[in-house]
Every structure is written in structure tokens, then in C-alpha cells.
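Comments concern the structure below.
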Amino acid sequence: MYRFLLTPRWWGINLFVVLAIPFCVFMGTWQLGRFEDRVQSHEQAEKQPDPSTRAAKPLDELLPVDKVTSGRPAMATGTYGDQFLVPGRELDDRQGFYVLNLLRTEGGKALPVVRGWLPGTASGARVPAAPQGVVTVTGDLQASENIHSDGVDARGGLPEGQLGMISAAALVNLVDYDVYDAWVTLPEAEAGGTGGAMKPVPAAAPAGSGLDLKAFQNLGYTGEWFVFAGFVLFMWFRLVRREAEAVRDVALGLVPEAGPEAGPEAGPEAGPESGEAGPEDSRPEAGPEGAGASEGEAAAQDLAGRTPETAQGS
């Protein structure tokens with residue numbers, strides 16, 4: 001009954017099923033592993049102390065920025081240079097902008113420093129001046145932003161002196177010196193009241209360290225891949241069952257088996273049983289006159305068949 005599984009058509013179906021199910025299981029397992037990694041990193045981050053409460057270290061010792069060093073206090077010494085305003089940033093449910101200055105360090109590189117946040121629009125805004133001379137800043141270390149970071153404006157076309165994304169890739173086109181692939185945000189107002197009107201910008205958690213929407217997307221993808229695997233297996237069993245029932249019906253004679261002589265391709269040798277017209281059927285159909293002649297012949301035969309007694313009785 002199941003010999004049909006060895007036909008070329010079913011070989012193709014079986015090969016597809018054999019390849020599709022392991023692939024779906026592999027992808028589901030991989031997505032589940034991604035979700036478990038995010039949960040584990042979130043649990044480890046909760047067990048560790050707040051990065052901002054740890055002792056400050058020189059900037060070069062904390063680079064490159066990763067999940068461990070993100071948020072750690074970093075120290076750098078230099079002089080403030082170019083200033084940029086970063087519009088479209090929200091703080092305490094209010095729209096405003098960041099005030100960013102580049103700190104030219106002794107090594108020649110510049111460190112982006114977010115000195116604070118101000119409400120309103122960046123265009124034409126008056127901001128407190130940066131401290132003069134050599135200063136040492138201690139701020140929470142942050143990784144460079146990307147197009148997926150909150151508040152980033154990657155469309156371009158901003159007025160001169162404004163910046164849409166805090167990253168070395170964006171700043172390298174605006175200044176003629178090297179920029180660190182990181183930035184710091186000052187945890188409190190600058191000494192002396194220079195930045196007293198600005199609010200400190202809190203450090204953001206490193207990407208991929210919490211149970212964010214992306215983590216639950218991984219969990220959803222896990223379920224989808226396992227459902228796909230089950231659907232492929234279900235459809236294979238359904239097709240096999242339907243094919244087996246068709247073969248059984250043919251074997252029991254419930255469905256006529258199509259032979260080589262059946263159908264419209266049957267040759268001229270087909271007899272009367274195959275639908276060929278016999279001699280009587282090949283006679284032309286009688287028209288109106290032929291119908292009248294037939295009725296007259298029938299009446300004559302009827303009169304001829306009557307006996308005299310019958311004729312008198314009638």
C-alpha cells in the first residue's frame with residue numbers, strides 16, 4: 001500500500017521534509033539560546049553593583065566599551081574645544097537637547113562630553129559656556145550611538161553646530177582631529193555653577209543587557225520555528241494518509257482504475273460498449289416528413305393484420 005513512497009514525486013517530498021524539520025528545529029534552538037543569553041546577562045547585571053558607584057578609572061583603561069565597562073566612571077584631562085547641540089532628546093518626559101563639547105586630551109584625541117540637557121529647541125538656544133583651561137572630567141562611560149539608539153536623528157540636514165548622533169563616525173566629518181569611539185555624560189552639574197542651568201543626563205544601560213523588546217522577539221521567533229517544524233510533519237502525514245486511502249480505494253474497486261484503453265484516446269476499434277454507434281444508431285434522424293410516413297406505414301400494417309370478423313365488429 002505504501003509503495004508510492006518510493007516514486008520520484010514522493011522522493012522529492014520526503015527529501016524536503018527531512019531537510020526542513022532539522023532546519024526549523026535548529027533555528028528555533030538558536031533563537032531560544034539568544035533569549036536565554038539575554039536573560040542571563042540581565043540577571044548578572046542585577047547582581048552587580050551600580051557601575052556609577054564604582055571607583056573612577058582613566059579612560060584608556062576602560063576602552064573599548066562593552067557591557068562590563070559601560071556606565072563605569074571614566075576620567076580624562078584636557079581642554080574643551082568644539083561645541084555641538086544634539087536636538088530631539090527627551091528627559092523627564094520633556095523634549096530638549098544635549099550640550100556636547102569635545103575634550104581635547106593630551107594625546108591629541110578628543111572625547112565627546114555631554115555636559116547636560118536643556119529644554120526647548122536647539123536652534124538659536126543660548127547655553128552656558130564650557131570651562132576654560134585644562135580640566136579633568138569624570139563622567140559615566142557610554143558606547144557610541146547608532147541608528148537604533150533612542151533619540152538618534154540619522155536623516156541628516158541639521159543646521160551647523162548640531163549633531164544627530166553621538167558617535168565617532170558622525171563627528172569625524174565635522175572636526176579635523178581624531179575622536180574616541182565612546183563618550184561620557186557628566187553625572188552632576190559642573191563645579192562653579194557654569195553648567196548650573198543644565199540637567200545631568202543619566203547613563204543608559206548597555207544594549208542587549210536587559211529584557212527589552214528584542215529579547216521577547218527572540219522568544220516569539222523560537223515558537224514560530226517550532227510551529228513550522230510541526231506543520232511540515234503534520235502536512236507530510238496528511239499527504240501520506242490521503243495517498244494511501246486513494247490506493248486502497250483503487251484496490252477495492254471503489255474507484256475505477258484508469259487503464260490505457262479508457263478515455264478519449266481509445267482507437268476506432270472500440271465496440272458498441274465503448275460508445276461507438278451501431279448500424280441502427282447510424283440512421284439519420286427522421287424529419288417531419290419522415291415522421292408522417294412512419295405513422296402511415298404503422299396504420300397500414302394495423303389494418304392488414306385485422307381479420308374480417310374483427311373488421312365487421314369494429
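Labels used: A, B, ... for chains in the order of the C-alpha cells, numbers from 1 for residues in each chain, and numbers from 1 for ligands as shown.
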
**Those in region 7-241 of chain A with helix (DSSP H, G or I) from DSSP, as a PyMOL selection string** = chain A and resi 8-47+51-53+59-62+168-171+191-193+213-241

Counting only C-alpha atoms, which residues of region 39-142 of chain A fall within 7 Å of region 209-232 of chain A, and what is the closest atom pair for each with its distance in Å at one decimal, ordered by chain and rising number, as a Markdown table?
| residue | atom | partner | partner_atom | distance |
| --- | --- | --- | --- | --- |
| A:Val39 | CA | A:Leu211 | CA | 6.5 |
| A:Ser41 | CA | A:Ser209 | CA | 5.6 |
| A:His42 | CA | A:Gly210 | CA | 4.7 |

Now that the selection is made, can you save its residues with N, CA, C and O atoms as a tab-separated table (two decimals), in the first residue's frame?
chain	number	residue	atom	x	y	z
A	39	VAL	N	18.53	36.80	29.11
A	39	VAL	CA	18.04	36.65	30.48
A	39	VAL	C	19.22	36.52	31.44
A	39	VAL	O	19.24	37.12	32.53
A	41	SER	N	22.35	37.60	31.03
A	41	SER	CA	23.07	38.88	31.16
A	41	SER	C	22.27	39.86	32.02
A	41	SER	O	22.86	40.65	32.79
A	42	HIS	N	20.95	39.81	31.92
A	42	HIS	CA	20.12	40.68	32.75
A	42	HIS	C	20.25	40.31	34.23
A	42	HIS	O	20.36	41.19	35.10

Taking only C-alpha atoms into account, produce a table as a Markdown table in which each residue of region 83-103 of chain A with an atom at most 10 Å from an atom of region 141-152 of chain A appears once, together with its shortest atom pair and the distance in Å to one decimal, ordered by chain and rising number.
| residue | atom | partner | partner_atom | distance |
| --- | --- | --- | --- | --- |
| A:Val86 | CA | A:Val152 | CA | 8.9 |
| A:Pro87 | CA | A:Gly151 | CA | 8.5 |
| A:Gly88 | CA | A:Gly151 | CA | 6.1 |
| A:Arg89 | CA | A:Gly151 | CA | 5.5 |
| A:Glu90 | CA | A:Gly151 | CA | 7.4 |
| A:Phe97 | CA | A:Gly151 | CA | 9.9 |

**Request:** Write out as a list in words each polymer residue whose atoms come within 12 Å of Trp236 (chain A), counting only C-alpha atoms; drop sequence neighbours fewer than 5 positions from it.
**Result:** Leu5, Trp10, Gly12, Ile13, Asn14, Leu15, Phe16, Val17, Val18, Ala20, Ile21, Ala229, Gly230, Phe231, Arg241, Arg242 and Glu243 of chain A

Those residues with N, CA, C and O atoms, as a PDB file, in the first residue's frame please?
ATOM      1  N   LEU A   5       5.505   5.643  -1.799  1.00  0.00           N
ATOM      2  CA  LEU A   5       6.538   6.483  -1.171  1.00  0.00           C
ATOM      3  C   LEU A   5       7.873   6.393  -1.888  1.00  0.00           C
ATOM      4  O   LEU A   5       8.756   7.231  -1.665  1.00  0.00           O
ATOM      5  N   TRP A  10       7.371  11.316  -4.601  1.00  0.00           N
ATOM      6  CA  TRP A  10       7.449  11.229  -3.142  1.00  0.00           C
ATOM      7  C   TRP A  10       8.880  11.270  -2.637  1.00  0.00           C
ATOM      8  O   TRP A  10       9.114  11.658  -1.488  1.00  0.00           O
ATOM      9  N   GLY A  12      11.001  13.409  -3.726  1.00  0.00           N
ATOM     10  CA  GLY A  12      11.188  14.850  -3.562  1.00  0.00           C
ATOM     11  C   GLY A  12      10.514  15.375  -2.312  1.00  0.00           C
ATOM     12  O   GLY A  12      11.080  16.190  -1.577  1.00  0.00           O
ATOM     13  N   ILE A  13       9.274  14.901  -2.052  1.00  0.00           N
ATOM     14  CA  ILE A  13       8.565  15.348  -0.855  1.00  0.00           C
ATOM     15  C   ILE A  13       9.293  14.905   0.406  1.00  0.00           C
ATOM     16  O   ILE A  13       9.478  15.677   1.357  1.00  0.00           O
ATOM     17  N   ASN A  14       9.735  13.656   0.422  1.00  0.00           N
ATOM     18  CA  ASN A  14      10.437  13.137   1.602  1.00  0.00           C
ATOM     19  C   ASN A  14      11.742  13.877   1.848  1.00  0.00           C
ATOM     20  O   ASN A  14      12.097  14.170   2.997  1.00  0.00           O
ATOM     21  N   LEU A  15      12.459  14.206   0.770  1.00  0.00           N
ATOM     22  CA  LEU A  15      13.723  14.938   0.929  1.00  0.00           C
ATOM     23  C   LEU A  15      13.475  16.324   1.515  1.00  0.00           C
ATOM     24  O   LEU A  15      14.218  16.789   2.389  1.00  0.00           O
ATOM     25  N   PHE A  16      12.421  16.983   1.048  1.00  0.00           N
ATOM     26  CA  PHE A  16      12.091  18.301   1.592  1.00  0.00           C
ATOM     27  C   PHE A  16      11.782  18.215   3.083  1.00  0.00           C
ATOM     28  O   PHE A  16      12.239  19.049   3.878  1.00  0.00           O
ATOM     29  N   VAL A  17      11.002  17.215   3.491  1.00  0.00           N
ATOM     30  CA  VAL A  17      10.642  17.070   4.901  1.00  0.00           C
ATOM     31  C   VAL A  17      11.873  16.779   5.750  1.00  0.00           C
ATOM     32  O   VAL A  17      12.048  17.350   6.837  1.00  0.00           O
ATOM     33  N   VAL A  18      12.747  15.895   5.254  1.00  0.00           N
ATOM     34  CA  VAL A  18      13.951  15.530   6.010  1.00  0.00           C
ATOM     35  C   VAL A  18      14.868  16.734   6.216  1.00  0.00           C
ATOM     36  O   VAL A  18      15.535  16.853   7.247  1.00  0.00           O
ATOM     37  N   ALA A  20      13.749  20.118   5.992  1.00  0.00           N
ATOM     38  CA  ALA A  20      13.038  21.249   6.586  1.00  0.00           C
ATOM     39  C   ALA A  20      12.905  21.117   8.093  1.00  0.00           C
ATOM     40  O   ALA A  20      13.095  22.099   8.830  1.00  0.00           O
ATOM     41  N   ILE A  21      12.583  19.919   8.584  1.00  0.00           N
ATOM     42  CA  ILE A  21      12.356  19.763  10.025  1.00  0.00           C
ATOM     43  C   ILE A  21      13.628  20.041  10.826  1.00  0.00           C
ATOM     44  O   ILE A  21      13.597  20.823  11.784  1.00  0.00           O
ATOM     45  N   ALA A 229       8.115  23.531  12.158  1.00  0.00           N
ATOM     46  CA  ALA A 229       8.545  22.135  12.116  1.00  0.00           C
ATOM     47  C   ALA A 229       7.355  21.198  12.301  1.00  0.00           C
ATOM     48  O   ALA A 229       7.210  20.201  11.572  1.00  0.00           O
ATOM     49  N   GLY A 230       6.483  21.490  13.254  1.00  0.00           N
ATOM     50  CA  GLY A 230       5.307  20.669  13.466  1.00  0.00           C
ATOM     51  C   GLY A 230       4.357  20.708  12.280  1.00  0.00           C
ATOM     52  O   GLY A 230       3.735  19.694  11.934  1.00  0.00           O
ATOM     53  N   PHE A 231       4.235  21.863  11.633  1.00  0.00           N
ATOM     54  CA  PHE A 231       3.340  21.985  10.479  1.00  0.00           C
ATOM     55  C   PHE A 231       3.836  21.143   9.308  1.00  0.00           C
ATOM     56  O   PHE A 231       3.037  20.495   8.620  1.00  0.00           O
ATOM     57  N   ARG A 241      -1.478   9.904   4.218  1.00  0.00           N
ATOM     58  CA  ARG A 241      -2.764   9.269   4.510  1.00  0.00           C
ATOM     59  C   ARG A 241      -3.711   9.382   3.331  1.00  0.00           C
ATOM     60  O   ARG A 241      -4.399   8.413   2.967  1.00  0.00           O
ATOM     61  N   ARG A 242      -3.758  10.551   2.708  1.00  0.00           N
ATOM     62  CA  ARG A 242      -4.655  10.730   1.574  1.00  0.00           C
ATOM     63  C   ARG A 242      -4.236   9.858   0.397  1.00  0.00           C
ATOM     64  O   ARG A 242      -5.087   9.248  -0.272  1.00  0.00           O
ATOM     65  N   GLU A 243      -2.936   9.766   0.155  1.00  0.00           N
ATOM     66  CA  GLU A 243      -2.459   8.924  -0.932  1.00  0.00           C
ATOM     67  C   GLU A 243      -2.725   7.455  -0.651  1.00  0.00           C
ATOM     68  O   GLU A 243      -3.117   6.698  -1.548  1.00  0.00           O
TER      69      GLU A 243
END

**Message:** Please identify the strand (DSSP E or B) residues within region 116-190 of chain A (assignment by DSSP from backbone atoms) and present them as number ranges by chain.
**Reply:** A: 116-119, 134-143, 162, 179, 182-185

Requested write-out: all heavy atoms of the selected residues, as a compact mmCIF listing (two decimals), in the first residue's frame:
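Generated output (selection-v2.txt):
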# COMPACT_ATOMS: atom_id res chain seq x y z
N GLY A 116 25.28 68.32 29.73
CA GLY A 116 23.97 68.40 30.34
C GLY A 116 22.87 68.50 29.30
O GLY A 116 23.11 68.41 28.08
N TRP A 117 21.65 68.68 29.80
CA TRP A 117 20.46 68.75 28.95
C TRP A 117 19.72 70.03 29.25
O TRP A 117 19.62 70.48 30.39
CB TRP A 117 19.57 67.54 29.25
CG TRP A 117 18.23 67.54 28.58
CD1 TRP A 117 17.92 67.00 27.37
CD2 TRP A 117 17.01 68.09 29.10
NE1 TRP A 117 16.58 67.18 27.09
CE2 TRP A 117 15.99 67.84 28.14
CE3 TRP A 117 16.67 68.76 30.27
CZ2 TRP A 117 14.67 68.25 28.32
CZ3 TRP A 117 15.36 69.17 30.44
CH2 TRP A 117 14.37 68.91 29.48
N LEU A 118 19.17 70.62 28.18
CA LEU A 118 18.36 71.83 28.31
C LEU A 118 17.03 71.63 27.60
O LEU A 118 16.97 70.97 26.55
CB LEU A 118 19.08 73.03 27.70
CG LEU A 118 20.27 73.58 28.49
CD1 LEU A 118 20.99 74.66 27.68
CD2 LEU A 118 19.83 74.14 29.84
N PRO A 119 15.94 72.18 28.12
CA PRO A 119 14.64 72.05 27.45
C PRO A 119 14.53 72.99 26.26
O PRO A 119 15.28 73.96 26.14
CB PRO A 119 13.65 72.42 28.55
CG PRO A 119 14.41 73.36 29.43
CD PRO A 119 15.83 72.91 29.41
N VAL A 134 42.72 73.92 31.29
CA VAL A 134 42.83 72.46 31.45
C VAL A 134 41.89 72.00 32.56
O VAL A 134 41.90 72.55 33.66
CB VAL A 134 44.28 72.06 31.76
CG1 VAL A 134 44.39 70.56 31.97
CG2 VAL A 134 45.22 72.51 30.63
N VAL A 135 41.08 71.00 32.26
CA VAL A 135 40.13 70.47 33.23
C VAL A 135 40.23 68.96 33.24
O VAL A 135 40.66 68.32 32.28
CB VAL A 135 38.68 70.90 32.90
CG1 VAL A 135 38.51 72.41 33.00
CG2 VAL A 135 38.28 70.41 31.51
N THR A 136 39.84 68.38 34.35
CA THR A 136 39.73 66.93 34.48
C THR A 136 38.27 66.58 34.71
O THR A 136 37.68 67.05 35.69
CB THR A 136 40.59 66.41 35.63
OG1 THR A 136 41.97 66.72 35.38
CG2 THR A 136 40.44 64.90 35.78
N VAL A 137 37.71 65.81 33.81
CA VAL A 137 36.29 65.46 33.91
C VAL A 137 36.17 63.99 34.29
O VAL A 137 37.00 63.15 33.94
CB VAL A 137 35.56 65.71 32.58
CG1 VAL A 137 35.60 67.18 32.21
CG2 VAL A 137 36.12 64.86 31.46
N THR A 138 35.13 63.70 35.04
CA THR A 138 34.78 62.33 35.41
C THR A 138 33.33 62.12 35.04
O THR A 138 32.43 62.75 35.61
CB THR A 138 34.99 62.09 36.91
OG1 THR A 138 36.36 62.34 37.26
CG2 THR A 138 34.64 60.66 37.27
N GLY A 139 33.10 61.24 34.08
CA GLY A 139 31.74 61.01 33.60
C GLY A 139 31.49 59.53 33.38
O GLY A 139 32.42 58.71 33.31
N ASP A 140 30.23 59.19 33.29
CA ASP A 140 29.84 57.80 33.04
C ASP A 140 30.09 57.46 31.58
O ASP A 140 29.59 58.12 30.67
CB ASP A 140 28.37 57.60 33.38
CG ASP A 140 28.09 57.85 34.87
OD1 ASP A 140 29.02 57.66 35.68
OD2 ASP A 140 26.95 58.22 35.20
N LEU A 141 30.85 56.37 31.38
CA LEU A 141 31.26 55.98 30.02
C LEU A 141 30.09 55.37 29.26
O LEU A 141 29.32 54.57 29.80
CB LEU A 141 32.41 54.98 30.12
CG LEU A 141 33.09 54.58 28.81
CD1 LEU A 141 33.73 55.79 28.15
CD2 LEU A 141 34.12 53.49 29.06
N GLN A 142 29.98 55.78 28.01
CA GLN A 142 28.92 55.27 27.13
C GLN A 142 29.50 54.87 25.78
O GLN A 142 30.47 55.47 25.30
CB GLN A 142 27.85 56.33 26.91
CG GLN A 142 27.14 56.78 28.19
CD GLN A 142 26.09 55.80 28.63
OE1 GLN A 142 24.94 55.86 28.24
NE2 GLN A 142 26.49 54.87 29.48
N ALA A 143 28.89 53.84 25.17
CA ALA A 143 29.31 53.44 23.82
C ALA A 143 28.74 54.40 22.80
O ALA A 143 27.72 55.07 23.03
CB ALA A 143 28.83 52.01 23.53
N GLN A 162 24.90 71.50 15.03
CA GLN A 162 24.05 70.49 15.62
C GLN A 162 24.48 69.10 15.15
O GLN A 162 25.04 68.93 14.07
CB GLN A 162 22.58 70.73 15.25
CG GLN A 162 22.02 72.02 15.82
CD GLN A 162 20.53 72.16 15.61
OE1 GLN A 162 19.83 71.19 15.37
NE2 GLN A 162 20.02 73.39 15.71
N VAL A 179 38.72 61.31 17.13
CA VAL A 179 37.71 61.30 18.19
C VAL A 179 37.61 59.89 18.76
O VAL A 179 37.63 58.90 18.01
CB VAL A 179 36.34 61.76 17.66
CG1 VAL A 179 35.29 61.75 18.77
CG2 VAL A 179 36.44 63.15 17.03
N ALA A 182 33.71 56.56 21.84
CA ALA A 182 32.98 56.50 23.11
C ALA A 182 32.67 57.93 23.52
O ALA A 182 33.15 58.89 22.91
CB ALA A 182 33.80 55.79 24.18
N TRP A 183 31.84 58.07 24.55
CA TRP A 183 31.55 59.40 25.09
C TRP A 183 31.18 59.25 26.56
O TRP A 183 30.90 58.14 27.03
CB TRP A 183 30.44 60.10 24.31
CG TRP A 183 29.14 59.37 24.23
CD1 TRP A 183 28.84 58.30 23.45
CD2 TRP A 183 27.94 59.67 24.97
NE1 TRP A 183 27.55 57.90 23.64
CE2 TRP A 183 26.96 58.72 24.57
CE3 TRP A 183 27.60 60.62 25.92
CZ2 TRP A 183 25.68 58.71 25.08
CZ3 TRP A 183 26.31 60.62 26.42
CH2 TRP A 183 25.36 59.67 26.01
N VAL A 184 31.23 60.37 27.27
CA VAL A 184 30.88 60.35 28.69
C VAL A 184 29.80 61.39 28.95
O VAL A 184 29.68 62.38 28.22
CB VAL A 184 32.11 60.62 29.59
CG1 VAL A 184 33.15 59.52 29.42
CG2 VAL A 184 32.69 62.00 29.32
N THR A 185 29.00 61.13 29.97
CA THR A 185 28.00 62.08 30.40
C THR A 185 28.28 62.46 31.85
O THR A 185 28.53 61.58 32.69
CB THR A 185 26.57 61.49 30.26
OG1 THR A 185 25.63 62.40 30.84
CG2 THR A 185 26.45 60.14 30.93

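Rounded to one decimal, CA of Pro64 (chain A) and CA of Leu32 (chain A) lie 28.5 Å from each other.
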
**Item:** Å distance separating CA of Gly71 (chain A) from CA of Pro206 (chain A), one decimal place
**Value:** 7.9 Å

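The interatomic distance for the pair CA of Asn101 (chain A) and CA of Gln83 (chain A) works out to 4.4 Å.
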